[in-house]
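See structure below.
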There are 2 protein chains.
Amino acid sequence: MNPVQADLYPSRQHDEPSWQERLDPVVYRNDLANAPIAPELIERFARDGYLVIPNLFSAEEVAVFREELDRMRQDPAVAESGKTIKEPDSGAIRSVFAIHADNPLFARVACDERIAAIASFILGGDIYVHQSRMNFKPGFTGKEFYWHSDFETWHTEDGLPRMRTLSCSILLTDNEPHNGPLMLVPGSHKHYIRCVGATPENHYEKSLRKQEFGVPDHDSLSQLADRYGIDTATGPAGSVVFFDCNTMHGSNSNITPSARSNLFYVYNHVDNAAQAPFCGLSPRPAFVAEREHFEPLQIQKQKYL
Amino acid sequence: MNPVQADLYPSRQHDEPSWQERLDPVVYRNDLANAPIAPELIERFARDGYLVIPNLFSAEEVAVFREELDRMRQDPAVAESGKTIKEPDSGAIRSVFAIHADNPLFARVACDERIAAIASFILGGDIYVHQSRMNFKPGFTGKEFYWHSDFETWHTEDGLPRMRTLSCSILLTDNEPHNGPLMLVPGSHKHYIRCVGATPENHYEKSLRKQEFGVPDHDSLSQLADRYGIDTATGPAGSVVFFDCNTMHGSNSNITPSARSNLFYVYNHVDNAAQAPFCGLSPRPAFVAEREHFEPLQIQKQKYL
């Protein structure tokens, strides 16, 4: 057990939004020459709060992942697992959580050194999976996802004390500018925007579909966009997007025929494991936010073909 | 009065969607050397069904238009005119129709030779304004607009007999890939997709906010996108997008802080004036679709500064 830490990033406690500077490093190791990727890429992650590495997985590997993903979306056991998010209108499966724990193939992907070694280097040591999921954003009816900092939620609702967490999204479809790709504000990870209002009980049931609390205010978003601009994470299937836990991001809707899917892993440093939520409410369920199993991931070469 | 024409483009009459080829020219004049713009641009319009001309209006002219647009959005007389579309949630004005008739400044813009002479060349002679509006798509909450061919509606609900009509959108804000710009399927204007179902009475009241009828089916859209791809009309404020009445287009939502606004004019050839709607119902109101005033536009040089 790590010692209990004070709330250094308070949010949802006042009626007016406010900003504070980030108190934590972005990249925890300084010996960039030892990084598993080019030092310039690590520096870019530190500066922008995200990094896209094209074609980290091959087309053949992507095909294996997509086949499993399609199988899961048809599997009644998955649909009834209670670990899915469905489209409000059609009931189709949009996300399946805890794939690093429940799915043997995607558990191996979580440990794949091509992604986990990068996460471990940036976060400076042993890591575990705080959350994982596969996402399927359908064509024609893909809904938007409003701007947010993941850390604001993971800190307030899950009890992650410090910014020592990052997300890794493995693109299983081509992400183009017009099919609702991830948008990010480069540099936004250096500022923490305290949101207004309180957190309702069982907020997660709604928030995974549509954010209503922990939402940054218009003025703050405008300031961020004016200062830093907005970038779009596009790339062919097999590319991987790494982004810091506090990088402001969101996505527009997708009316194009092109569905989008990805595998999503959130890595957290073991010294930053979840404690009691800082909002004072019950924690979100374990399939959304790991609360017990903080053993370090065994990072390894993986083969899927 | 033009002679009454038969329904050469039936739609909303069957339970299954179907396609037919376009029966009409895209560009009605052959003497491209006499075009008011480079012949290559006219050829591009013929091929793709649209054309973006950057910076056709100056930044100073755009400022004049935006000032008038901001004034209109605050004007109680405009809000109560019955010719506006408001945001479902906030009630804020999203569109004001019939600006070519009601607003002296925007009536002059309709006649501006920089746009109207191009429309007149493409459509092959005298033109009038079938519809006009100013559009304001707010930042943060800009809603998507689903795929459609304008002609499908203008033919079925307004009674325009043939494809001899085009739209001209004057961008008053920068249109970037991520703030919900117009998406178009190049080449789609050569195919007419007959939609399924019937048209309900007073459909226009809803359809201007959200299309539910006259909506192309998923299979047809997928076929079009596979065959032709999807392009995005981006450009700085002052740019103009011309697009054919039958070009498939739509737009995603806009969660970025950047609002988008434009002036929108639909030019129709006088020989193609509205007759009784082909769906057999009452026509849409005159502020949405001109039914009486088919006098040719007096195309002229205009000065706004």
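Letters for chains follow the order of the structure tokens (A, B, ...), residue numbers begin at 1 for each chain, and ligand numbers begin at 1 in the order shown.
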| message | At a cut-off of 9 Å, which residues of chain A touch chain B? Count only C-alpha atoms and give the answer as a VMD selection string. | response | chain A and resid 140 143 to 147 177 to 180 183 218 to 219 221 to 222 225 to 226 230 to 232 250 to 258
Create the file for the chosen residues now, containing N, CA, C and O atoms and written as an mmCIF file, in the first residue's frame.
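Result file is selection25.cif:
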data_model
loop_
_atom_site.group_PDB
_atom_site.id
_atom_site.type_symbol
_atom_site.label_atom_id
_atom_site.label_comp_id
_atom_site.auth_asym_id
_atom_site.auth_seq_id
_atom_site.Cartn_x
_atom_site.Cartn_y
_atom_site.Cartn_z
ATOM 1 N N PHE A 140 -21.874 6.436 -39.710
ATOM 2 C CA PHE A 140 -23.187 7.053 -39.883
ATOM 3 C C PHE A 140 -23.717 7.695 -38.595
ATOM 4 O O PHE A 140 -24.277 8.779 -38.631
ATOM 5 N N LYS A 143 -21.319 9.096 -32.252
ATOM 6 C CA LYS A 143 -21.618 10.316 -31.486
ATOM 7 C C LYS A 143 -20.323 11.036 -31.080
ATOM 8 O O LYS A 143 -19.271 10.429 -30.947
ATOM 9 N N GLU A 144 -20.453 12.310 -30.854
ATOM 10 C CA GLU A 144 -19.309 13.091 -30.382
ATOM 11 C C GLU A 144 -19.006 12.752 -28.925
ATOM 12 O O GLU A 144 -19.841 12.191 -28.215
ATOM 13 N N PHE A 145 -17.770 13.077 -28.506
ATOM 14 C CA PHE A 145 -17.395 12.943 -27.099
ATOM 15 C C PHE A 145 -16.738 14.251 -26.708
ATOM 16 O O PHE A 145 -15.744 14.656 -27.305
ATOM 17 N N TYR A 146 -17.322 14.895 -25.712
ATOM 18 C CA TYR A 146 -16.930 16.274 -25.412
ATOM 19 C C TYR A 146 -15.541 16.346 -24.768
ATOM 20 O O TYR A 146 -15.045 15.359 -24.213
ATOM 21 N N TRP A 147 -14.957 17.508 -24.810
ATOM 22 C CA TRP A 147 -13.627 17.779 -24.248
ATOM 23 C C TRP A 147 -13.532 17.374 -22.788
ATOM 24 O O TRP A 147 -14.420 17.662 -21.995
ATOM 25 N N PRO A 177 -9.276 12.664 -41.009
ATOM 26 C CA PRO A 177 -9.765 13.909 -40.400
ATOM 27 C C PRO A 177 -11.285 13.951 -40.268
ATOM 28 O O PRO A 177 -11.807 14.587 -39.361
ATOM 29 N N HIS A 178 -11.989 13.248 -41.181
ATOM 30 C CA HIS A 178 -13.436 13.447 -41.193
ATOM 31 C C HIS A 178 -14.243 12.319 -40.559
ATOM 32 O O HIS A 178 -15.465 12.384 -40.561
ATOM 33 N N ASN A 179 -13.592 11.278 -40.038
ATOM 34 C CA ASN A 179 -14.424 10.238 -39.405
ATOM 35 C C ASN A 179 -14.304 10.233 -37.873
ATOM 36 O O ASN A 179 -14.245 9.184 -37.247
ATOM 37 N N GLY A 180 -14.300 11.433 -37.315
ATOM 38 C CA GLY A 180 -14.415 11.559 -35.862
ATOM 39 C C GLY A 180 -13.183 11.144 -35.094
ATOM 40 O O GLY A 180 -13.284 10.508 -34.041
ATOM 41 N N MET A 183 -9.296 14.415 -31.111
ATOM 42 C CA MET A 183 -8.712 15.757 -31.192
ATOM 43 C C MET A 183 -8.035 16.044 -29.852
ATOM 44 O O MET A 183 -8.583 15.701 -28.795
ATOM 45 N N HIS A 218 -16.385 26.650 -21.093
ATOM 46 C CA HIS A 218 -16.122 27.197 -22.434
ATOM 47 C C HIS A 218 -14.943 28.168 -22.443
ATOM 48 O O HIS A 218 -14.113 28.129 -23.359
ATOM 49 N N ASP A 219 -14.877 29.046 -21.444
ATOM 50 C CA ASP A 219 -13.788 30.034 -21.434
ATOM 51 C C ASP A 219 -12.426 29.355 -21.368
ATOM 52 O O ASP A 219 -11.504 29.725 -22.096
ATOM 53 N N LEU A 221 -11.626 26.321 -22.282
ATOM 54 C CA LEU A 221 -11.359 25.623 -23.543
ATOM 55 C C LEU A 221 -10.949 26.611 -24.632
ATOM 56 O O LEU A 221 -10.032 26.341 -25.411
ATOM 57 N N SER A 222 -11.627 27.759 -24.677
ATOM 58 C CA SER A 222 -11.266 28.765 -25.683
ATOM 59 C C SER A 222 -9.847 29.262 -25.459
ATOM 60 O O SER A 222 -9.070 29.431 -26.405
ATOM 61 N N ALA A 225 -7.433 26.570 -26.614
ATOM 62 C CA ALA A 225 -7.387 26.439 -28.074
ATOM 63 C C ALA A 225 -6.704 27.651 -28.701
ATOM 64 O O ALA A 225 -5.941 27.521 -29.664
ATOM 65 N N ASP A 226 -6.966 28.843 -28.150
ATOM 66 C CA ASP A 226 -6.304 30.041 -28.689
ATOM 67 C C ASP A 226 -4.799 29.951 -28.494
ATOM 68 O O ASP A 226 -4.023 30.347 -29.355
ATOM 69 N N ILE A 230 -5.550 23.180 -31.949
ATOM 70 C CA ILE A 230 -6.147 21.847 -31.809
ATOM 71 C C ILE A 230 -5.502 20.946 -32.850
ATOM 72 O O ILE A 230 -5.365 21.335 -34.003
ATOM 73 N N ASP A 231 -5.105 19.780 -32.437
ATOM 74 C CA ASP A 231 -4.507 18.831 -33.366
ATOM 75 C C ASP A 231 -5.390 17.583 -33.452
ATOM 76 O O ASP A 231 -6.198 17.315 -32.563
ATOM 77 N N THR A 232 -5.237 16.845 -34.511
ATOM 78 C CA THR A 232 -6.057 15.669 -34.748
ATOM 79 C C THR A 232 -5.143 14.461 -34.895
ATOM 80 O O THR A 232 -4.180 14.516 -35.639
ATOM 81 N N GLY A 250 -11.041 15.247 -27.073
ATOM 82 C CA GLY A 250 -12.454 14.969 -27.356
ATOM 83 C C GLY A 250 -12.566 14.520 -28.799
ATOM 84 O O GLY A 250 -11.560 14.395 -29.497
ATOM 85 N N SER A 251 -13.791 14.263 -29.258
ATOM 86 C CA SER A 251 -13.952 13.918 -30.671
ATOM 87 C C SER A 251 -15.320 14.348 -31.162
ATOM 88 O O SER A 251 -16.290 14.378 -30.401
ATOM 89 N N ASN A 252 -15.362 14.712 -32.440
ATOM 90 C CA ASN A 252 -16.633 15.066 -33.057
ATOM 91 C C ASN A 252 -17.382 13.809 -33.469
ATOM 92 O O ASN A 252 -16.852 12.701 -33.404
ATOM 93 N N SER A 253 -18.611 14.016 -33.920
ATOM 94 C CA SER A 253 -19.424 12.902 -34.381
ATOM 95 C C SER A 253 -18.836 12.325 -35.672
ATOM 96 O O SER A 253 -17.911 12.892 -36.253
ATOM 97 N N ASN A 254 -19.386 11.227 -36.110
ATOM 98 C CA ASN A 254 -18.923 10.576 -37.330
ATOM 99 C C ASN A 254 -20.109 10.125 -38.168
ATOM 100 O O ASN A 254 -20.687 9.079 -37.923
ATOM 101 N N ILE A 255 -20.472 10.957 -39.156
ATOM 102 C CA ILE A 255 -21.564 10.566 -40.059
ATOM 103 C C ILE A 255 -21.026 9.824 -41.280
ATOM 104 O O ILE A 255 -21.809 9.364 -42.105
ATOM 105 N N THR A 256 -19.720 9.694 -41.423
ATOM 106 C CA THR A 256 -19.192 8.978 -42.590
ATOM 107 C C THR A 256 -19.500 7.484 -42.459
ATOM 108 O O THR A 256 -19.760 6.991 -41.357
ATOM 109 N N PRO A 257 -19.446 6.760 -43.579
ATOM 110 C CA PRO A 257 -19.684 5.317 -43.493
ATOM 111 C C PRO A 257 -18.583 4.560 -42.742
ATOM 112 O O PRO A 257 -18.769 3.394 -42.400
ATOM 113 N N SER A 258 -17.438 5.194 -42.484
ATOM 114 C CA SER A 258 -16.301 4.493 -41.897
ATOM 115 C C SER A 258 -16.432 4.350 -40.388
ATOM 116 O O SER A 258 -16.323 5.336 -39.658
#
| request: Report the residues of segment 90-238 of chain A whose backbone DSSP state falls under alpha helix (DSSP H), written as a ChimeraX atom specification. | output: /A:99-102,104-111,113-123,150-156,203-207,218-228
| query | Val64 of chain B: which residues within 12 Å, counting only C-alpha atoms, same-chain residues fewer than 2 positions away excluded, as a list in words? | reply | Phe57, Ser58, Ala59, Glu60, Glu61, Val62, Arg66, Glu67, Glu68, Leu69, Asp70, Arg71, Leu105, Phe106, Val109, Leu172, Gly238, Lys303, Tyr304 and Leu305 of chain B
Serialized selection, N, CA and C atoms, as an mmCIF file, in the first residue's frame:
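The result, stored in out.cif:
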data_model
loop_
_atom_site.group_PDB
_atom_site.id
_atom_site.type_symbol
_atom_site.label_atom_id
_atom_site.label_comp_id
_atom_site.auth_asym_id
_atom_site.auth_seq_id
_atom_site.Cartn_x
_atom_site.Cartn_y
_atom_site.Cartn_z
ATOM 1 N N PHE B 57 -13.711 36.762 -51.361
ATOM 2 C CA PHE B 57 -14.014 38.035 -50.687
ATOM 3 C C PHE B 57 -12.860 38.380 -49.742
ATOM 4 N N SER B 58 -12.602 39.667 -49.592
ATOM 5 C CA SER B 58 -11.475 40.119 -48.764
ATOM 6 C C SER B 58 -11.829 40.049 -47.282
ATOM 7 N N ALA B 59 -10.798 40.089 -46.444
ATOM 8 C CA ALA B 59 -11.016 40.083 -44.997
ATOM 9 C C ALA B 59 -11.885 41.278 -44.576
ATOM 10 N N GLU B 60 -11.702 42.417 -45.243
ATOM 11 C CA GLU B 60 -12.487 43.613 -44.892
ATOM 12 C C GLU B 60 -13.961 43.406 -45.250
ATOM 13 N N GLU B 61 -14.210 42.785 -46.387
ATOM 14 C CA GLU B 61 -15.608 42.511 -46.763
ATOM 15 C C GLU B 61 -16.230 41.498 -45.804
ATOM 16 N N VAL B 62 -15.460 40.482 -45.447
ATOM 17 C CA VAL B 62 -15.955 39.484 -44.497
ATOM 18 C C VAL B 62 -16.338 40.162 -43.178
ATOM 19 N N ARG B 66 -19.899 39.957 -41.384
ATOM 20 C CA ARG B 66 -20.030 39.388 -40.034
ATOM 21 C C ARG B 66 -20.694 40.358 -39.072
ATOM 22 N N GLU B 67 -20.383 41.628 -39.256
ATOM 23 C CA GLU B 67 -21.006 42.640 -38.395
ATOM 24 C C GLU B 67 -22.528 42.627 -38.600
ATOM 25 N N GLU B 68 -22.935 42.547 -39.846
ATOM 26 C CA GLU B 68 -24.369 42.518 -40.138
ATOM 27 C C GLU B 68 -24.995 41.217 -39.610
ATOM 28 N N LEU B 69 -24.278 40.147 -39.733
ATOM 29 C CA LEU B 69 -24.772 38.849 -39.242
ATOM 30 C C LEU B 69 -24.932 38.885 -37.716
ATOM 31 N N ASP B 70 -23.952 39.459 -37.021
ATOM 32 C CA ASP B 70 -24.054 39.566 -35.559
ATOM 33 C C ASP B 70 -25.238 40.447 -35.166
ATOM 34 N N ARG B 71 -25.436 41.536 -35.922
ATOM 35 C CA ARG B 71 -26.566 42.417 -35.636
ATOM 36 C C ARG B 71 -27.888 41.654 -35.790
ATOM 37 N N LEU B 105 -28.208 44.505 -47.483
ATOM 38 C CA LEU B 105 -26.806 44.166 -47.744
ATOM 39 C C LEU B 105 -26.703 42.797 -48.422
ATOM 40 N N PHE B 106 -27.366 41.808 -47.841
ATOM 41 C CA PHE B 106 -27.226 40.447 -48.359
ATOM 42 C C PHE B 106 -27.994 40.247 -49.674
ATOM 43 N N VAL B 109 -25.280 41.102 -52.049
ATOM 44 C CA VAL B 109 -24.319 39.999 -52.178
ATOM 45 C C VAL B 109 -24.841 38.946 -53.164
ATOM 46 N N LEU B 172 -17.696 32.776 -43.723
ATOM 47 C CA LEU B 172 -17.416 33.988 -42.936
ATOM 48 C C LEU B 172 -16.490 33.696 -41.766
ATOM 49 N N GLY B 238 -13.889 34.156 -46.273
ATOM 50 C CA GLY B 238 -13.843 34.855 -47.553
ATOM 51 C C GLY B 238 -13.785 33.905 -48.737
ATOM 52 N N LYS B 303 -19.855 46.882 -54.254
ATOM 53 C CA LYS B 303 -18.837 47.394 -53.318
ATOM 54 C C LYS B 303 -19.448 47.450 -51.929
ATOM 55 N N TYR B 304 -18.681 47.024 -50.944
ATOM 56 C CA TYR B 304 -19.207 46.971 -49.571
ATOM 57 C C TYR B 304 -18.412 47.837 -48.603
ATOM 58 N N LEU B 305 -17.308 48.425 -49.065
ATOM 59 C CA LEU B 305 -16.398 49.127 -48.140
ATOM 60 C C LEU B 305 -16.499 50.643 -48.319
#
| message | If we count only C-alpha atoms and set the cut-off at 12 Å, which residues sit around Met72 of chain A, ignoring sequence neighbours fewer than 2 positions away in its own chain? Please answer as a ChimeraX atom specification. | response | /A:65-70,74-81,83-84,92-97,99,102-103,105-106,133-136
| message | Applying 8 Å and only C-alpha atoms, which residues near segment 286-299 of chain A remain after dropping the ones on its own chain fewer than 5 positions away? List them as a VMD selection string. | response | chain A and resid 83 97 to 98 111 to 113 116 to 117 126 to 132 158 270 273 to 275
Selection export as a compact mmCIF listing (two decimals), in the first residue's frame, atoms kept: all heavy atoms:
# COMPACT_ATOMS: atom_id res chain seq x y z
N LYS A 83 -20.10 -5.24 -18.44
CA LYS A 83 -18.89 -4.44 -18.63
C LYS A 83 -18.88 -3.78 -20.00
O LYS A 83 -17.82 -3.51 -20.56
CB LYS A 83 -17.64 -5.32 -18.46
CG LYS A 83 -17.56 -6.00 -17.09
CD LYS A 83 -16.29 -6.81 -16.95
CE LYS A 83 -16.27 -7.55 -15.61
NZ LYS A 83 -15.06 -8.39 -15.47
N PHE A 97 -15.24 -3.13 -21.50
CA PHE A 97 -14.19 -2.79 -20.55
C PHE A 97 -13.45 -4.03 -20.06
O PHE A 97 -13.91 -5.16 -20.23
CB PHE A 97 -14.81 -2.06 -19.35
CG PHE A 97 -15.05 -0.60 -19.63
CD1 PHE A 97 -16.16 -0.20 -20.35
CD2 PHE A 97 -14.15 0.37 -19.19
CE1 PHE A 97 -16.39 1.14 -20.61
CE2 PHE A 97 -14.37 1.70 -19.45
CZ PHE A 97 -15.49 2.09 -20.16
N ALA A 98 -12.32 -3.75 -19.40
CA ALA A 98 -11.53 -4.78 -18.71
C ALA A 98 -11.03 -5.88 -19.64
O ALA A 98 -10.90 -7.03 -19.24
CB ALA A 98 -12.33 -5.38 -17.54
N CYS A 111 0.56 -6.27 -22.36
CA CYS A 111 1.95 -6.49 -21.94
C CYS A 111 2.94 -6.33 -23.09
O CYS A 111 4.15 -6.48 -22.87
CB CYS A 111 2.10 -7.90 -21.38
SG CYS A 111 1.03 -8.24 -19.99
N ASP A 112 2.45 -6.07 -24.29
CA ASP A 112 3.32 -6.02 -25.46
C ASP A 112 4.37 -4.93 -25.29
O ASP A 112 4.03 -3.76 -25.07
CB ASP A 112 2.47 -5.76 -26.71
CG ASP A 112 3.25 -5.97 -27.99
OD1 ASP A 112 4.34 -5.38 -28.14
OD2 ASP A 112 2.76 -6.73 -28.84
N GLU A 113 5.62 -5.29 -25.45
CA GLU A 113 6.66 -4.31 -25.17
C GLU A 113 6.65 -3.12 -26.12
O GLU A 113 7.15 -2.06 -25.78
CB GLU A 113 8.06 -4.97 -25.16
CG GLU A 113 8.50 -5.46 -26.51
CD GLU A 113 9.97 -5.91 -26.50
OE1 GLU A 113 10.55 -6.02 -25.40
OE2 GLU A 113 10.51 -6.17 -27.58
N ALA A 116 3.91 -1.15 -23.96
CA ALA A 116 4.08 -1.07 -22.50
C ALA A 116 5.47 -0.56 -22.11
O ALA A 116 5.62 0.13 -21.09
CB ALA A 116 3.79 -2.43 -21.87
N ALA A 117 6.50 -0.88 -22.92
CA ALA A 117 7.84 -0.40 -22.57
C ALA A 117 7.93 1.12 -22.72
O ALA A 117 8.63 1.79 -21.95
CB ALA A 117 8.89 -1.09 -23.46
N ASP A 126 7.67 0.64 -12.81
CA ASP A 126 6.64 -0.39 -12.91
C ASP A 126 5.25 0.21 -13.10
O ASP A 126 4.88 1.19 -12.44
CB ASP A 126 6.65 -1.26 -11.64
CG ASP A 126 7.82 -2.24 -11.63
OD1 ASP A 126 8.34 -2.56 -12.72
OD2 ASP A 126 8.22 -2.65 -10.53
N ILE A 127 4.49 -0.42 -13.97
CA ILE A 127 3.15 0.07 -14.29
C ILE A 127 2.14 -1.07 -14.21
O ILE A 127 2.50 -2.24 -14.28
CB ILE A 127 3.10 0.67 -15.72
CG1 ILE A 127 3.59 -0.36 -16.76
CG2 ILE A 127 3.95 1.94 -15.79
CD1 ILE A 127 3.48 0.11 -18.20
N TYR A 128 0.88 -0.68 -14.05
CA TYR A 128 -0.22 -1.65 -14.15
C TYR A 128 -1.33 -1.00 -14.97
O TYR A 128 -1.26 0.19 -15.31
CB TYR A 128 -0.71 -2.07 -12.76
CG TYR A 128 -1.48 -0.98 -12.04
CD1 TYR A 128 -2.88 -0.94 -12.08
CD2 TYR A 128 -0.82 0.03 -11.34
CE1 TYR A 128 -3.58 0.08 -11.44
CE2 TYR A 128 -1.53 1.05 -10.70
CZ TYR A 128 -2.90 1.06 -10.76
OH TYR A 128 -3.60 2.07 -10.14
N VAL A 129 -2.37 -1.79 -15.29
CA VAL A 129 -3.46 -1.27 -16.12
C VAL A 129 -4.57 -0.75 -15.21
O VAL A 129 -5.20 -1.52 -14.48
CB VAL A 129 -4.00 -2.35 -17.08
CG1 VAL A 129 -5.21 -1.83 -17.84
CG2 VAL A 129 -2.91 -2.78 -18.07
N HIS A 130 -4.79 0.56 -15.28
CA HIS A 130 -5.87 1.17 -14.50
C HIS A 130 -7.23 0.93 -15.15
O HIS A 130 -8.24 0.74 -14.47
CB HIS A 130 -5.61 2.68 -14.39
CG HIS A 130 -6.71 3.45 -13.73
ND1 HIS A 130 -7.06 3.26 -12.41
CD2 HIS A 130 -7.57 4.40 -14.22
CE1 HIS A 130 -8.08 4.07 -12.11
NE2 HIS A 130 -8.41 4.76 -13.18
N GLN A 131 -7.24 0.94 -16.48
CA GLN A 131 -8.49 0.72 -17.23
C GLN A 131 -8.11 0.22 -18.61
O GLN A 131 -7.09 0.61 -19.16
CB GLN A 131 -9.26 2.04 -17.37
CG GLN A 131 -10.57 1.94 -18.13
CD GLN A 131 -11.18 3.31 -18.42
OE1 GLN A 131 -11.00 3.87 -19.49
NE2 GLN A 131 -11.92 3.86 -17.45
N SER A 132 -8.96 -0.63 -19.18
CA SER A 132 -8.77 -1.01 -20.58
C SER A 132 -10.13 -1.19 -21.21
O SER A 132 -11.13 -1.43 -20.53
CB SER A 132 -7.97 -2.31 -20.70
OG SER A 132 -8.74 -3.41 -20.26
N ASP A 158 -11.83 8.25 -9.17
CA ASP A 158 -11.13 6.97 -8.95
C ASP A 158 -10.05 7.05 -7.89
O ASP A 158 -9.57 6.00 -7.43
CB ASP A 158 -10.45 6.49 -10.26
CG ASP A 158 -11.46 6.22 -11.37
OD1 ASP A 158 -12.66 6.08 -11.07
OD2 ASP A 158 -11.03 6.15 -12.53
N VAL A 270 2.82 2.11 -10.47
CA VAL A 270 2.38 1.40 -9.25
C VAL A 270 2.43 2.29 -8.00
O VAL A 270 1.66 2.08 -7.06
CB VAL A 270 3.21 0.11 -9.01
CG1 VAL A 270 2.95 -0.91 -10.13
CG2 VAL A 270 4.69 0.41 -8.90
N ALA A 273 -1.07 4.21 -7.36
CA ALA A 273 -2.27 3.37 -7.38
C ALA A 273 -3.47 4.10 -6.75
O ALA A 273 -3.31 5.00 -5.92
CB ALA A 273 -2.00 2.06 -6.64
N ALA A 274 -4.65 3.66 -7.17
CA ALA A 274 -5.89 4.30 -6.72
C ALA A 274 -6.03 4.23 -5.21
O ALA A 274 -5.82 3.18 -4.59
CB ALA A 274 -7.08 3.61 -7.39
N GLN A 275 -6.38 5.35 -4.60
CA GLN A 275 -6.82 5.36 -3.19
C GLN A 275 -8.28 5.79 -3.17
O GLN A 275 -8.96 5.70 -4.19
CB GLN A 275 -5.89 6.25 -2.36
CG GLN A 275 -5.76 7.68 -2.87
CD GLN A 275 -4.77 8.48 -2.03
OE1 GLN A 275 -3.59 8.14 -1.94
NE2 GLN A 275 -5.25 9.54 -1.41
| message | as a ChimeraX atom specification, please: every residue in segment 47-286 of chain A that a backbone DSSP assignment puts in strand (DSSP E). | response | /A:50-53,84-86,93-97,127-137,145-148,165-171,182-184,191-194,231-232,240-244,249-251,260-269
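Atom pair atom CA of Tyr265 of chain B / atom CA of Ser90 of chain B: separated by 26.0 Å.
Atom CA of Gly235 of chain B is positioned 6.3 Å from atom CA of Pro54 of chain B.
Residue nearest Pro200 of chain A, chosen from A:Asp244, A:Pro283, A:Arg164, A:Glu152 and counting only C-alpha atoms: A:Pro283.
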| request: Name the residues in contact with segment 118-125 of chain A at a cut-off of 9 Å, using only C-alpha atoms, excluding same-chain residues fewer than 4 positions from it; report them as JSON, numbers by chain. | output: {"A": [25, 26, 27, 28, 29, 32, 34, 35, 36, 37, 42, 45, 46, 113, 114, 164, 165, 166, 167, 168, 242, 267, 268, 269, 270, 299]}
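Between atom CA of Asp48 of chain A and atom CA of Pro10 of chain A there is a distance of 23.5 Å.
Minimum atom-to-atom distance to Ala233 of chain A, evaluated using only C-alpha atoms, belongs to A:Val185 out of A:Ala33, A:Ala63, A:Ile115, A:Val185.
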